[in-house]
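Take a look at the structure set out below.
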2 protein chains.
Amino acid sequence: MKLSESEENYIKSIYNLQEKTEKVNTNSLAKYLNTSAASITDMLKKLKFKKLLEYKKYYGFRLNESGKKEALKIIRRHRLWEFFLVAKLGMEWEKVHDIAEELEHVSSTELIEKLDHYLGKPKIDPHGDPIPDDKGNMPVLKQIALNDLQLKHYAVVSSVSNQSPEMIEMLNHYNIGIGSQIKVLRSFGFDGSLEIKLARKPECIISGIAAKNIFVYDN
Amino acid sequence: MKLSESEENYIKSIYNLQEKTEKVNTNSLAKYLNTSAASITDMLKKLKFKKLLEYKKYYGFRLNESGKKEALKIIRRHRLWEFFLVAKLGMEWEKVHDIAEELEHVSSTELIEKLDHYLGKPKIDPHGDPIPDDKGNMPVLKQIALNDLQLKHYAVVSSVSNQSPEMIEMLNHYNIGIGSQIKVLRSFGFDGSLEIKLARKPECIISGIAAKNIFVYDN
DNA sequence: TAAAATTTTTAGATTTGTCTAAATATATTT
DNA sequence: AAATATATTTAGACAAATCTAAAAATTTTA
């Protein structure tokens with residue numbers, strides 16, 4: 001189905017809201033999209049006409065299966081681009097969202113599948129959100145803090161909860177980034193610090209505080 | 001200057017046309033953009049108001065310095081994305097143009113500069129067209145056929161004039177792609193065939209016919 | 001449960017980019 | 001240079017996406 005950029009933005013937003021609440025209503029979507037309630041009503045009519053959502057006047061609305069499928073395609077594109085921007089171009093987490101908002105509307109299927117393959121079919125984006133696969137299935141992966149990772153077991157860095165300049169400085173020092181392969185060699189009970197090893201790097205030690213902010217996933 | 005997607009397309013098209021003819025006229029641009037002459041006139045008024053072109057009713061028009069600068073930014077983005085699609089994602093030449101038409105409108109300067117750096121600041125896109133630098137200067141690089149390249153001198157494959165499936169098959173076999181570093185070790189006068197060497201690959205021999213269709217640039 | 005408050009929808013405008021058809025200007029031909 | 005042909009612009013309309021203000025429906029409250 002061919003959708004306008006605007007329609008795509010509405011669908012994605014409705015999806016995000018309905019993940020949290022049972023029914024989405026006009027005002028909450030208007031607030032979320034920073035627009036007027038009247039605009040929401042206008043667009044709802046269009047999306048209902050295109051059979052992407054259930055919508056009964058004054059009662060709220062919800063994406064149907066077809067709408068959810070479209071939403072997941074857009075979310076997939078968004079998160080793959082975010083991954084690309086961080087993992088390949090070395091951009092910072094905070095900056096990639098707005099750019100991915102634009103890139104996500106480029107809809108060539110071949111482009112997205114090639115990009116996915118090029119990135120190594122990642123399952124989690126730089127903010128730690130799961131990336132739907134090409135069929136629209138969300139991967140079921142648990143993310144755990146580095147200090148909860150079992151010893152001597154390689155995992156992949158998926159996100160970092162503290163994004164302060166100090167944290168970024170330290171991660172850069174250690175060469176830890178999204179997608180880095182990492183394992184814990186030893187854990188020091190005294191202060192929670194960990195001896196770790198990154199693929200193709202010498203082993204080193206990081207503090208327990210840092211370890212709690214680094215999230216990984218295990219396959 | 002913030003421009004709409006449509007304005008960007010007009011500017012880029014005017015630039016392309018005025019490279020060939022002194023003055024661009026309404027009908028030729030209408031044909032080029034596959035739209036009506038009336039639409040052209042409408043947009044010209046807007047672009048004139050934004051001081052991007054010289055335009056005198058019934059007399060044709062031309063981008064001024066400011067307009068050319070904008071055009072070169074868009075062309076830079078387009079060609080960098082084309083390079084990315086071919087060199088990194090492995091897409092075929094014929095397919096990348098339309099996708100780059102969409103990607104080129106994502107205008108984050110930081111994105112483009114990081115992408116440029118990531119790609120190794122290429123000077124020529126997969127179709128052999130030069131990529132303007134971040135200041136809007138077109139690189140002055142001569143492209144030469146591989147059989148005109150001086151011996152034992154590394155050059156970079158910049159384009160291939162014959163894009164038949166057979167040619168692509170052969171290039172894949174030799175592992176020759178856009179951006180490949182290549183040098184000619186020996187030339188056989190009998191049939192024009194060349195002994196070549198690709199960086200990190202063993203030497204091999206290609207026919208004179210193939211060599212005439214492979215273009216390289218020398219720095 | 002009736003009044004007040006809130007939410008949602010409708011009505012009518014606006015902007016952007018497009019169109020067709022008619023009008024106007026320029027160019028060509030005889 | 002008048003008639004004809006071509007190119008360009010204007011006038012008026014339309015679709016998409018938005019807005020404000022007013023109307024209608026629903027919910028809350030007293």
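Scheme for the structure tokens: letters A, B, ... for chains in order shown; per-chain residue numbers from 1; ligand numbers from 1 in order shown.
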(message) Please identify the helix (DSSP H, G or I) residues within chain A (assignment by DSSP from backbone atoms) and present them as a PyMOL selection string.
(response) chain A and resi 5-18+26-33+37-49+65-87+93-103+109-118+146-148+165-174+208-213
(request) Select residues of chain A: the criterion is any atom within 8 Å of an atom of chain C, counting only C-alpha atoms (C1' of nucleotides); output as a ChimeraX atom specification. (result) /A:26-27,37-38,41,57-58
Expected file: the selected residues, C-alpha atoms, as a PDB file, in the first residue's frame:
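Generated file (result.pdb):
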ATOM      1  CA  THR A  26      -8.047  12.121  19.470  1.00  0.00           C
ATOM      2  CA  ASN A  27      -6.583  14.449  22.045  1.00  0.00           C
ATOM      3  CA  ALA A  37      -7.474  17.715  17.274  1.00  0.00           C
ATOM      4  CA  ALA A  38      -9.207  18.731  14.065  1.00  0.00           C
ATOM      5  CA  THR A  41     -10.097  13.750  12.891  1.00  0.00           C
ATOM      6  CA  LYS A  57     -16.825   8.661  16.035  1.00  0.00           C
ATOM      7  CA  TYR A  58     -16.289   9.941  19.558  1.00  0.00           C
TER       8      TYR A  58
END
(request) May I have all residues of region 100-214 of chain A that DSSP, computed from the backbone, assigns to strand (DSSP E), given as a PyMOL selection string? (result) chain A and resi 143-145+155-160+181-187+194-198+204-206+214
(message) If we count only C-alpha atoms (C1' of nucleotides) and set the cut-off at 10 Å, which residues sit around Phe84 (chain A), ignoring sequence neighbours fewer than 4 positions away in its own chain? Please answer as a PyMOL selection string.
(response) chain A and resi 78-80+88-91+96+100+115-116+118-119+122+125-126
(request) Output the contact residues of chain D with respect to chain B at a cut-off of 9 Å, based on only C-alpha atoms (C1' of nucleotides), as a PyMOL selection string. (result) chain D and resi 7-10
Residues of chain B that approach chain A to 12 Å or less, counting only C-alpha atoms: could you list each one with the shortest pair of atoms and its distance in Å to one decimal, rows by chain and increasing residue number, as CSV?
residue,atom,partner,partner_atom,distance
B:Glu5,CA,A:Glu102,CA,12.0
B:Trp81,CA,A:Leu111,CA,11.6
B:Glu82,CA,A:Leu111,CA,11.6
B:Phe84,CA,A:Leu115,CA,10.5
B:Leu85,CA,A:Leu111,CA,8.1
B:Val86,CA,A:Lys114,CA,10.6
B:Ala87,CA,A:Tyr118,CA,11.1
B:Lys88,CA,A:Tyr118,CA,7.6
B:Leu89,CA,A:Lys114,CA,5.8
B:Gly90,CA,A:Lys114,CA,7.8
B:Met91,CA,A:Lys114,CA,7.9
B:Glu92,CA,A:Glu110,CA,11.0
B:Lys95,CA,A:Glu110,CA,9.6
B:Val96,CA,A:Leu111,CA,9.0
B:His97,CA,A:Leu111,CA,11.9
B:Asp98,CA,A:Ser108,CA,9.3
B:Ile99,CA,A:Ser108,CA,7.1
B:Ala100,CA,A:Val106,CA,9.4
B:Glu101,CA,A:Val106,CA,9.6
B:Glu102,CA,A:Val106,CA,6.2
B:Leu103,CA,A:Val106,CA,6.9
B:Glu104,CA,A:Leu103,CA,9.9
B:His105,CA,A:Glu102,CA,8.7
B:Val106,CA,A:Glu102,CA,6.2
B:Ser107,CA,A:Ile99,CA,8.7
B:Ser108,CA,A:Ile99,CA,7.1
B:Thr109,CA,A:Ile99,CA,10.4
B:Glu110,CA,A:Met91,CA,8.7
B:Leu111,CA,A:Ile99,CA,7.9
B:Ile112,CA,A:Leu89,CA,9.8
B:Glu113,CA,A:Leu89,CA,9.5
B:Lys114,CA,A:Leu89,CA,5.8
B:Leu115,CA,A:Leu89,CA,6.3
B:Asp116,CA,A:Leu89,CA,9.4
B:His117,CA,A:Leu89,CA,8.3
B:Tyr118,CA,A:Leu89,CA,6.2
B:Leu119,CA,A:Leu89,CA,9.5
B:Gly120,CA,A:Leu89,CA,11.6
Give me a file of those residues, with N, CA and C atoms, as a CSV table (one decimal), in the first residue's frame.
chain,number,residue,atom,x,y,z
B,5,GLU,N,10.8,19.7,-1.0
B,5,GLU,CA,11.2,18.7,-1.9
B,5,GLU,C,11.0,19.1,-3.3
B,81,TRP,N,24.8,9.3,-2.0
B,81,TRP,CA,23.9,8.2,-1.8
B,81,TRP,C,24.0,7.1,-2.9
B,82,GLU,N,24.1,7.6,-4.1
B,82,GLU,CA,24.3,6.6,-5.2
B,82,GLU,C,25.6,5.7,-4.9
B,84,PHE,N,27.0,5.2,-2.1
B,84,PHE,CA,26.7,4.3,-0.9
B,84,PHE,C,25.9,3.0,-1.4
B,85,LEU,N,24.9,3.3,-2.2
B,85,LEU,CA,24.0,2.1,-2.5
B,85,LEU,C,24.8,1.1,-3.4
B,86,VAL,N,25.7,1.6,-4.2
B,86,VAL,CA,26.4,0.6,-5.0
B,86,VAL,C,27.6,0.0,-4.3
B,87,ALA,N,28.4,0.9,-3.7
B,87,ALA,CA,29.6,0.5,-3.0
B,87,ALA,C,29.4,-0.3,-1.7
B,88,LYS,N,28.4,0.1,-1.0
B,88,LYS,CA,28.2,-0.6,0.3
B,88,LYS,C,27.1,-1.6,0.3
B,89,LEU,N,26.0,-1.2,-0.3
B,89,LEU,CA,24.9,-2.2,-0.3
B,89,LEU,C,24.9,-3.1,-1.5
B,90,GLY,N,25.8,-2.9,-2.4
B,90,GLY,CA,25.9,-3.8,-3.5
B,90,GLY,C,24.7,-3.8,-4.5
B,91,MET,N,24.0,-2.6,-4.6
B,91,MET,CA,22.9,-2.5,-5.5
B,91,MET,C,23.5,-2.2,-6.9
B,92,GLU,N,22.6,-2.5,-7.9
B,92,GLU,CA,23.0,-2.3,-9.3
B,92,GLU,C,22.8,-0.9,-9.7
B,95,LYS,N,19.5,0.7,-10.7
B,95,LYS,CA,18.4,0.8,-9.7
B,95,LYS,C,18.6,1.9,-8.7
B,96,VAL,N,19.8,2.4,-8.6
B,96,VAL,CA,20.1,3.4,-7.5
B,96,VAL,C,19.6,4.8,-7.7
B,97,HIS,N,19.4,5.1,-9.0
B,97,HIS,CA,19.0,6.5,-9.2
B,97,HIS,C,17.7,6.9,-8.5
B,98,ASP,N,16.7,6.1,-8.7
B,98,ASP,CA,15.4,6.5,-8.1
B,98,ASP,C,15.4,6.5,-6.6
B,99,ILE,N,16.1,5.6,-6.0
B,99,ILE,CA,16.2,5.6,-4.5
B,99,ILE,C,17.0,6.9,-4.1
B,100,ALA,N,18.1,7.2,-4.8
B,100,ALA,CA,18.9,8.4,-4.4
B,100,ALA,C,18.0,9.7,-4.6
B,101,GLU,N,17.1,9.6,-5.5
B,101,GLU,CA,16.2,10.8,-5.7
B,101,GLU,C,15.4,11.1,-4.4
B,102,GLU,N,15.1,10.0,-3.7
B,102,GLU,CA,14.4,10.2,-2.4
B,102,GLU,C,15.3,10.6,-1.3
B,103,LEU,N,16.4,9.8,-1.2
B,103,LEU,CA,17.4,10.1,-0.1
B,103,LEU,C,18.0,11.5,-0.2
B,104,GLU,N,18.1,12.0,-1.4
B,104,GLU,CA,18.8,13.3,-1.5
B,104,GLU,C,18.1,14.5,-0.8
B,105,HIS,N,16.8,14.3,-0.5
B,105,HIS,CA,16.1,15.3,0.2
B,105,HIS,C,16.2,15.3,1.7
B,106,VAL,N,16.9,14.3,2.2
B,106,VAL,CA,17.2,14.4,3.7
B,106,VAL,C,18.4,15.3,3.8
B,107,SER,N,18.2,16.4,4.5
B,107,SER,CA,19.2,17.5,4.3
B,107,SER,C,20.1,17.7,5.5
B,108,SER,N,20.2,16.9,6.5
B,108,SER,CA,21.1,17.1,7.6
B,108,SER,C,22.5,17.2,7.1
B,109,THR,N,23.2,18.3,7.4
B,109,THR,CA,24.5,18.5,7.0
B,109,THR,C,25.5,17.5,7.7
B,110,GLU,N,25.2,17.3,9.0
B,110,GLU,CA,26.1,16.3,9.7
B,110,GLU,C,26.0,14.9,9.1
B,111,LEU,N,24.8,14.5,8.7
B,111,LEU,CA,24.6,13.2,8.1
B,111,LEU,C,25.5,13.1,6.8
B,112,ILE,N,25.4,14.1,6.0
B,112,ILE,CA,26.1,14.1,4.7
B,112,ILE,C,27.6,14.1,4.9
B,113,GLU,N,28.0,14.9,5.8
B,113,GLU,CA,29.5,14.9,6.0
B,113,GLU,C,30.0,13.6,6.6
B,114,LYS,N,29.2,13.0,7.5
B,114,LYS,CA,29.6,11.7,8.1
B,114,LYS,C,29.6,10.6,7.0
B,115,LEU,N,28.6,10.7,6.2
B,115,LEU,CA,28.5,9.7,5.1
B,115,LEU,C,29.7,9.8,4.2
B,116,ASP,N,30.0,11.1,3.8
B,116,ASP,CA,31.1,11.4,2.9
B,116,ASP,C,32.4,10.8,3.5
B,117,HIS,N,32.6,11.0,4.7
B,117,HIS,CA,33.8,10.5,5.4
B,117,HIS,C,33.8,9.0,5.4
B,118,TYR,N,32.6,8.4,5.7
B,118,TYR,CA,32.5,6.9,5.8
B,118,TYR,C,32.8,6.3,4.4
B,119,LEU,N,32.4,7.0,3.4
B,119,LEU,CA,32.6,6.4,2.0
B,119,LEU,C,34.0,6.7,1.5
B,120,GLY,N,34.8,7.4,2.3
B,120,GLY,CA,36.2,7.7,1.9
B,120,GLY,C,36.3,8.9,0.9
Superposed chain A (on chain B, all in-order C-alpha pairs) as a compact mmCIF listing (two decimals) with C-alpha atoms, in the first residue's frame:
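Listed below is the output, selection.txt:
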# COMPACT_ATOMS: atom_id res chain seq x y z
CA MET A 1 17.90 27.98 3.04
CA LYS A 2 15.02 25.60 3.65
CA LEU A 3 13.52 24.25 0.45
CA SER A 4 10.62 21.91 -0.18
CA GLU A 5 11.22 18.61 -1.92
CA SER A 6 9.55 20.00 -4.99
CA GLU A 7 11.62 23.16 -5.04
CA GLU A 8 14.75 21.04 -4.74
CA ASN A 9 13.73 18.95 -7.72
CA TYR A 10 13.15 22.01 -9.84
CA ILE A 11 16.47 23.57 -8.88
CA LYS A 12 18.39 20.40 -9.61
CA SER A 13 16.70 20.01 -12.99
CA ILE A 14 17.34 23.62 -13.96
CA TYR A 15 20.98 23.15 -13.04
CA ASN A 16 21.26 20.07 -15.20
CA LEU A 17 19.65 21.80 -18.16
CA GLN A 18 21.61 25.02 -17.90
CA GLU A 19 24.86 23.06 -17.93
CA LYS A 20 24.02 22.27 -21.53
CA THR A 21 22.21 25.33 -22.85
CA GLU A 22 22.75 28.99 -22.17
CA LYS A 23 19.18 29.81 -21.17
CA VAL A 24 16.59 27.30 -19.99
CA ASN A 25 13.02 27.73 -21.18
CA THR A 26 9.67 26.70 -19.79
CA ASN A 27 8.83 23.98 -22.25
CA SER A 28 12.15 22.17 -22.05
CA LEU A 29 11.97 22.10 -18.27
CA ALA A 30 8.37 20.93 -18.44
CA LYS A 31 9.42 18.09 -20.69
CA TYR A 32 12.42 17.25 -18.49
CA LEU A 33 10.27 17.11 -15.37
CA ASN A 34 7.40 15.45 -17.18
CA THR A 35 4.95 18.08 -16.02
CA SER A 36 2.90 20.93 -17.50
CA ALA A 37 4.27 24.29 -18.60
CA ALA A 38 1.85 26.00 -16.24
CA SER A 39 3.38 24.25 -13.26
CA ILE A 40 6.81 25.46 -14.33
CA THR A 41 5.66 29.05 -14.46
CA ASP A 42 4.11 28.73 -11.00
CA MET A 43 7.29 27.37 -9.49
CA LEU A 44 9.50 29.92 -11.25
CA LYS A 45 7.64 32.69 -9.48
CA LYS A 46 8.37 31.06 -6.15
CA LEU A 47 12.03 30.52 -6.90
CA LYS A 48 12.40 34.06 -8.17
CA PHE A 49 10.79 35.33 -4.98
CA LYS A 50 13.36 33.32 -3.03
CA LYS A 51 16.09 34.94 -5.12
CA LEU A 52 17.43 31.68 -6.50
CA LEU A 53 17.16 32.54 -10.18
CA GLU A 54 17.03 35.26 -12.79
CA TYR A 55 13.70 35.09 -14.53
CA LYS A 56 12.15 37.45 -17.00
CA LYS A 57 8.71 36.59 -18.32
CA TYR A 58 8.74 34.95 -21.74
CA TYR A 59 12.55 35.14 -21.89
CA GLY A 60 13.73 32.05 -20.06
CA PHE A 61 15.63 31.78 -16.81
CA ARG A 62 18.86 30.75 -15.14
CA LEU A 63 19.96 29.93 -11.61
CA ASN A 64 22.00 32.70 -10.01
CA GLU A 65 24.97 32.00 -7.71
CA SER A 66 22.70 31.32 -4.76
CA GLY A 67 20.60 28.89 -6.80
CA LYS A 68 23.64 27.09 -8.15
CA LYS A 69 24.95 26.68 -4.63
CA GLU A 70 21.71 25.01 -3.60
CA ALA A 71 21.75 22.81 -6.70
CA LEU A 72 25.26 21.61 -5.95
CA LYS A 73 24.29 20.68 -2.42
CA ILE A 74 21.46 18.53 -3.73
CA ILE A 75 23.65 16.97 -6.40
CA ARG A 76 26.29 16.24 -3.79
CA ARG A 77 23.75 14.42 -1.64
CA HIS A 78 22.38 12.50 -4.61
CA ARG A 79 25.76 11.29 -5.79
CA LEU A 80 27.03 10.36 -2.35
CA TRP A 81 23.95 8.23 -1.79
CA GLU A 82 24.40 6.60 -5.19
CA PHE A 83 27.96 5.79 -4.25
CA PHE A 84 26.79 4.34 -0.96
CA LEU A 85 24.12 2.19 -2.57
CA VAL A 86 26.55 0.68 -5.06
CA ALA A 87 29.77 0.52 -3.06
CA LYS A 88 28.35 -0.50 0.32
CA LEU A 89 24.99 -2.14 -0.30
CA GLY A 90 26.01 -3.76 -3.58
CA MET A 91 23.06 -2.46 -5.58
CA GLU A 92 23.18 -2.25 -9.34
CA TRP A 93 23.79 1.04 -11.13
CA GLU A 94 20.48 1.10 -12.92
CA LYS A 95 18.53 0.80 -9.71
CA VAL A 96 20.20 3.38 -7.55
CA HIS A 97 19.08 6.55 -9.28
CA ASP A 98 15.45 6.46 -8.18
CA ILE A 99 16.33 5.64 -4.59
CA ALA A 100 18.93 8.41 -4.48
CA GLU A 101 16.23 10.78 -5.75
CA GLU A 102 14.44 10.17 -2.47
CA LEU A 103 17.44 10.06 -0.19
CA GLU A 104 18.84 13.33 -1.54
CA HIS A 105 16.08 15.31 0.16
CA VAL A 106 17.21 14.33 3.64
CA SER A 107 19.15 17.46 4.33
CA SER A 108 21.06 17.11 7.59
CA THR A 109 24.51 18.54 6.99
CA GLU A 110 26.04 16.38 9.68
CA LEU A 111 24.60 13.26 8.07
CA ILE A 112 26.07 14.12 4.69
CA GLU A 113 29.50 15.01 6.02
CA LYS A 114 29.65 11.82 8.08
CA LEU A 115 28.50 9.80 5.09
CA ASP A 116 31.14 11.44 2.91
CA HIS A 117 33.84 10.60 5.41
CA TYR A 118 32.57 7.04 5.80
CA LEU A 119 32.70 6.51 2.05
CA GLY A 120 36.25 7.84 1.90
CA LYS A 121 35.35 11.19 0.34
CA PRO A 122 34.76 9.79 -3.15
CA LYS A 123 35.15 12.15 -6.07
CA ILE A 124 33.13 10.28 -8.68
CA ASP A 125 29.79 8.53 -8.41
CA PRO A 126 28.94 5.09 -9.86
CA HIS A 127 27.81 6.64 -13.14
CA GLY A 128 31.11 8.45 -13.50
CA ASP A 129 29.76 11.86 -12.55
CA PRO A 130 31.85 14.05 -10.25
CA ILE A 131 30.70 14.63 -6.66
CA PRO A 132 30.87 18.27 -5.52
CA ASP A 133 32.77 18.78 -2.26
CA ASP A 134 31.25 20.30 0.87
CA LYS A 135 31.96 23.79 -0.44
CA GLY A 136 30.18 23.10 -3.71
CA ASN A 137 33.31 22.72 -5.84
CA MET A 138 33.25 20.12 -8.56
CA PRO A 139 36.46 18.06 -8.49
CA VAL A 140 38.52 18.30 -11.63
CA LEU A 141 39.37 14.70 -12.33
CA LYS A 142 39.90 13.13 -15.67
CA GLN A 143 38.41 9.76 -16.17
CA ILE A 144 40.29 7.43 -18.48
CA ALA A 145 39.62 4.00 -19.90
CA LEU A 146 41.60 1.26 -18.21
CA ASN A 147 43.54 0.56 -21.43
CA ASP A 148 44.82 4.15 -21.38
CA LEU A 149 46.15 3.88 -17.85
CA GLN A 150 49.92 4.02 -17.45
CA LEU A 151 51.50 0.77 -16.32
CA LYS A 152 52.06 -0.15 -12.68
CA HIS A 153 50.14 2.81 -11.39
CA TYR A 154 47.25 2.23 -8.99
CA ALA A 155 44.00 3.89 -9.98
CA VAL A 156 40.42 3.64 -8.74
CA VAL A 157 37.60 2.16 -10.78
CA SER A 158 35.11 4.99 -11.23
CA SER A 159 32.53 3.76 -13.71
CA VAL A 160 31.72 1.20 -16.34
CA SER A 161 30.19 2.25 -19.61
CA ASN A 162 28.67 -1.09 -20.59
CA GLN A 163 26.11 -2.24 -18.06
CA SER A 164 24.88 -5.41 -19.73
CA PRO A 165 24.22 -8.48 -17.58
CA GLU A 166 27.18 -10.16 -19.29
CA MET A 167 29.49 -7.31 -18.30
CA ILE A 168 28.20 -7.34 -14.73
CA GLU A 169 28.68 -11.09 -14.58
CA MET A 170 32.27 -10.74 -15.69
CA LEU A 171 33.05 -7.88 -13.34
CA ASN A 172 31.64 -9.88 -10.47
CA HIS A 173 33.84 -12.78 -11.48
CA TYR A 174 36.92 -10.56 -11.39
CA ASN A 175 35.72 -8.84 -8.23
CA ILE A 176 35.96 -5.48 -9.94
CA GLY A 177 33.59 -2.88 -8.54
CA ILE A 178 33.29 0.85 -8.11
CA GLY A 179 36.08 1.99 -5.84
CA SER A 180 38.29 -1.03 -6.53
CA GLN A 181 41.97 -0.22 -6.57
CA ILE A 182 43.48 -1.50 -9.76
CA LYS A 183 46.74 -1.36 -11.70
CA VAL A 184 47.87 -2.63 -15.10
CA LEU A 185 50.96 -4.82 -14.99
CA ARG A 186 51.31 -5.58 -18.68
CA SER A 187 49.62 -4.88 -21.95
CA PHE A 188 49.53 -7.41 -24.77
CA GLY A 189 49.71 -5.62 -28.11
CA PHE A 190 48.35 -8.58 -30.04
CA ASP A 191 44.74 -8.30 -28.83
CA GLY A 192 44.85 -5.43 -26.36
CA SER A 193 44.32 -7.69 -23.37
CA LEU A 194 45.77 -6.58 -20.06
CA GLU A 195 47.34 -8.27 -17.11
CA ILE A 196 45.90 -6.46 -14.11
CA LYS A 197 46.14 -6.57 -10.36
CA LEU A 198 43.47 -5.63 -7.85
CA ALA A 199 44.52 -4.67 -4.33
CA ARG A 200 44.55 -7.75 -2.09
CA LYS A 201 43.81 -10.07 -5.05
CA PRO A 202 46.03 -12.18 -7.31
CA GLU A 203 46.81 -10.83 -10.76
CA CYS A 204 44.65 -11.82 -13.71
CA ILE A 205 43.99 -11.04 -17.36
CA ILE A 206 41.11 -9.22 -18.98
CA SER A 207 40.30 -8.59 -22.61
CA GLY A 208 40.91 -5.34 -24.46
CA ILE A 209 37.19 -4.98 -25.07
CA ALA A 210 36.46 -5.16 -21.37
CA ALA A 211 39.30 -2.75 -20.59
CA LYS A 212 37.83 -0.13 -22.90
CA ASN A 213 34.59 -0.17 -20.92
CA ILE A 214 36.14 0.15 -17.51
CA PHE A 215 36.93 3.70 -16.45
CA VAL A 216 39.30 4.74 -13.73
CA TYR A 217 40.62 7.90 -12.25
CA ASP A 218 44.08 8.69 -11.20
CA ASN A 219 44.83 11.13 -8.38
